[in-house]
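Trainee: Just passing along the structure, written as structure tokens.
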Amino acid sequence: MSTYGLLALLAVLMAAGAAGAAGAAEPPAPYGPVPTPEQLAWQEMEFGMFCHFGINTFYDQEWGNGTEDPARFAPTDFDARQWVRVAKECGVRYLVVTAKHHDGFCLFPSAHTDHSVKASPWRDGKGDVVKEVVDACREAGLMFGFYLSPWERHEPKYNDPPVYDEYFKSQLRELLTNYGPVGEVWFDGAGSEGHVYDWAGYYALIRELQPKALIAICGPDIRWVGNEDGYAPETHWNVVGEGDDRRWHPAECDVPIRRGQWFFHTDGEKNLKSLDDLLDIYYGSVGRGAVLLLNVTPDRRGQLPEADSARLRELWRVVSRDFETNLAHGKPCSATNVRGNDPAFGPEKALDGDKTTYWATDDGVVKGQLEVDFGEPVTFDRAMIQEHIALGQRVERYAIQVWDGERWRGVAHGTTIGYKRLERFPPVTATKARLVIRQAPACPTISSFGVFRSR
Ligand code: FUL
């Protein structure tokens, strides 16, 4: 062994000795499949905005049949920065735009079809919606994604699947090479029943050109939650599949802000969902550990309608106010078990507001309680729990209880937690609260526990 090798070995031994002396415990081994760094970063964004914009906007329709006249695409005051400004003000972290919907009309000047913005009067046929959206997102620090409908009703090649695959891949290539980093590629399954696509070829191209892009819905990285209502199921696992096919496949809840309408309709404002509807959606999606992709659709000006923007602002005002102050933050706490008795895994780590630290128990200890002492009576009606999902999703059953001076009383309980679980309940006043983990297949890892007073 060289001198350098010996020194290196010595350094490792000394470090191990020092750590041992401090009683440092090893982090738990991952439980089951875990998210990729990109999936984790996406999960942490929590909230995205879907923008359905295209030829349908000018026809008052949801699905074009491909015979629409591109000359009708004429936004009067297109402003992608306005979309992004509203999104940004409202806690939205990424935006997905319909580069091409089922009607085949492209919002970008594809070299492979004339059915696009090129044939429209907008910006004298020299415009590119995708580029303007990308630029606006980049300026504001939002992740950019695009929807490209596999099902297409304009291009005759669609009837010859292998030929259409090449056409589709050419368009994918344009979108993946001409616009800088792409965070998400959204493949809608609608209309495609019975059609055979070269999915493997599409995925390979995306991996080659944008290895960090997440492929959603008809894709391996993000799954459709299974409805367009904005709700994840009450019991919600990120891991799907059986045996060797088990994989981390988190769910996205795509839902329109206007009831039943993804595209703008001139008389659609009456369908705008109420603040209460949107709060239910928020708790049903983000609050069940999924990601919310809320569709707010630009109008014929090419801007988000005022009423929709105002509703989105109301939603964000309520959500951010209600979760502004964690009353448990930094409070004295204890746990029934702490991994290796190491403070690095102590219950404080769930109350420190640091998403990278967590409370964990010893291997084999799959139940546990984390108790917080407020030191005085506090009143709250919201709670938040988060698992450290970088090491896998574990909790199967939990409860939140408060000390009423004589006994512990339950205020909320449920099954899975995952990235985040939000609870709403009637206000309670208590001096202590506790999180009870009742069932998990492996030691729980809790990165955050909080209680809040809504305003
Ligand atoms: C559906 C489509 O048919 C709708 O038009 C919309 O794009 C929605 C997000 O997906 O499957």
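Here, A, B, ... name the chains of the structure tokens in the order displayed, residue numbers run from 1 inside each chain, and ligands are numbered from 1 in the same displayed order.
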Once you count only C-alpha atoms and all ligand atoms, which residues end up within 8 Å of ligand 1, and could you hand them over as a compact mmCIF listing (two decimals) with C-alpha atoms, in the first residue's frame?

Mentor:
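Result saved to selection_20.txt:
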```
# COMPACT_ATOMS: atom_id res chain seq x y z
CA HIS A 52 -54.51 24.70 -22.40
CA GLU A 62 -62.69 21.36 -26.09
CA TRP A 63 -61.65 18.97 -28.85
CA THR A 98 -50.21 22.40 -24.67
CA HIS A 101 -53.55 19.20 -28.57
CA HIS A 102 -55.59 16.48 -30.26
CA ASP A 188 -52.12 12.32 -22.71
CA GLY A 189 -53.71 8.93 -23.19
CA ALA A 190 -57.05 10.31 -24.44
CA GLY A 191 -58.26 9.22 -27.86
CA GLU A 228 -59.77 14.86 -13.50
CA ASP A 254 -54.58 17.48 -13.20
CA VAL A 255 -57.82 19.40 -12.88
CA TRP A 262 -59.69 22.77 -20.18
CA PHE A 263 -59.83 25.40 -22.92
```

Trainee: Using only C-alpha atoms, which of A:Arg455, A:Arg317, A:His112, A:Arg424 sits nearest Ser170 (chain A)?

Mentor: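 The answer is A:His112, which sits nearest to Ser170 (chain A).
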
Trainee: Can you tell me which residues surround Glu314 (chain A) at a distance of at most 12 Å, considering only C-alpha atoms, apart from same-chain residues fewer than 6 positions away, and format the answer as a VMD selection string?

Mentor: chain A and resid 86 89 to 91 273 to 279 307 to 308 320 to 321

Trainee: Can you tell me, as number ranges by chain, what residues are no more than 9 Å from Tyr419 (chain A) when counting only C-alpha atoms, ignoring any on the same chain fewer than 4 positions away?

Mentor: A: 43-44, 286, 288-290, 385-389, 393

Trainee: Return the single residue from A:Tyr94, A:Phe50, A:Tyr179, A:Tyr59 that is closest to Asn295 (chain A), with distances computed using only C-alpha atoms.

Mentor: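 Looking only at the distances to Asn295 (chain A), the closest residue turns out to be A:Phe50.
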
Trainee: Hey, what's within 8 Å of Ser334 (chain A) if we count only C-alpha atoms and toss same-chain stuff fewer than 5 positions away? As a ChimeraX atom specification, please?

Mentor: /A:346-348,370-372

Trainee: Residues of the last selection are to be written out with N, CA and C atoms, as a PDB file, in the first residue's frame.

Mentor:
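out.pdb, written as the output of this step:
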```
ATOM      1  N   GLY A 346     -33.523  12.552  16.330  1.00  0.00           N
ATOM      2  CA  GLY A 346     -34.462  12.842  17.408  1.00  0.00           C
ATOM      3  C   GLY A 346     -35.734  13.513  16.911  1.00  0.00           C
ATOM      4  N   PRO A 347     -36.757  13.567  17.769  1.00  0.00           N
ATOM      5  CA  PRO A 347     -38.042  14.145  17.362  1.00  0.00           C
ATOM      6  C   PRO A 347     -37.945  15.630  17.011  1.00  0.00           C
ATOM      7  N   GLU A 348     -36.937  16.335  17.587  1.00  0.00           N
ATOM      8  CA  GLU A 348     -36.740  17.763  17.251  1.00  0.00           C
ATOM      9  C   GLU A 348     -36.599  17.944  15.741  1.00  0.00           C
ATOM     10  N   LEU A 370     -44.567  10.733  18.740  1.00  0.00           N
ATOM     11  CA  LEU A 370     -43.773  11.953  18.851  1.00  0.00           C
ATOM     12  C   LEU A 370     -44.661  12.967  19.565  1.00  0.00           C
ATOM     13  N   GLU A 371     -44.208  13.394  20.736  1.00  0.00           N
ATOM     14  CA  GLU A 371     -45.056  14.264  21.561  1.00  0.00           C
ATOM     15  C   GLU A 371     -44.463  15.664  21.653  1.00  0.00           C
ATOM     16  N   VAL A 372     -45.307  16.659  21.462  1.00  0.00           N
ATOM     17  CA  VAL A 372     -44.861  18.053  21.526  1.00  0.00           C
ATOM     18  C   VAL A 372     -45.531  18.725  22.710  1.00  0.00           C
TER      19      VAL A 372
END
```

Trainee: Give me the residues near Met384 (chain A) as a PyMOL selection string, where near means some atom within 10 Å (using only C-alpha atoms) and where sequence neighbours in that chain fewer than 3 positions away do not count.

Mentor: chain A and resi 287+323+326+400+417+420-424+448-452

Trainee: State, in Å with one decimal place, the distance from CA of Thr336 (chain A) to CA of Gly414 (chain A).

Mentor: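 Rounded to one decimal, the two atoms are 20.1 Å apart.
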
Trainee: Could you write out, as a PyMOL selection string, all the residues of region 42-289 of chain A that DSSP marks as strand (DSSP E or B)?

Mentor: chain A and resi 47-51+94-100+106+116+143-148+184-187+214-217+222-224+239-240+247-248+251-256+258+261+272

Trainee: May I have the residues within 12 Å of Ser309 (chain A) as a ChimeraX atom specification, using only C-alpha atoms and disregarding those fewer than 2 positions away in the same chain?

Mentor: /A:49,82-90,257-258,269,272-273,275,294-299,303-307,311-316

Trainee: Have a look at A:Val225, A:Ile281, A:Val291, A:Cys106 and name the one nearest to Glu174 (chain A); count only C-alpha atoms.

Mentor: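 For Glu174 (chain A), the nearest of the given residues is A:Cys106.
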
Trainee: When DSSP is applied to the backbone of this structure, which of region 172-312 of chain A are assigned helix (DSSP H, G or I)? Write them out as an MDAnalysis selection string.

Mentor: chainID A and resid 172:177 199:209 243:245 268:271 275:288 306:312

Trainee: Under the rule that only C-alpha atoms are counted, which of A:Ser110, A:Ser285, A:Gln171, A:Gln439 is the nearest residue to Lys367 (chain A)?

Mentor: A:Gln439

Trainee: Using only C-alpha atoms for the distances, tell me which of A:Asp244, A:Glu396, A:Asp165, A:Asp381 is nearest to Val428 (chain A).

Mentor: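 Answer, going by the shortest atom-to-atom distance: A:Asp381.
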
Trainee: Quick one, how far is CA of Phe108 (chain A) from CA of Gln61 (chain A)?

Mentor: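 Atom-to-atom, CA of Phe108 (chain A) to CA of Gln61 (chain A), that is 20.4 Å.
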
Trainee: Nearest to Glu184 (chain A) among A:Lys212, A:Lys270, A:Lys157, A:Arg453, with distances taken over only C-alpha atoms: which residue is it?

Mentor: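 The answer is A:Lys212, which sits nearest to Glu184 (chain A).
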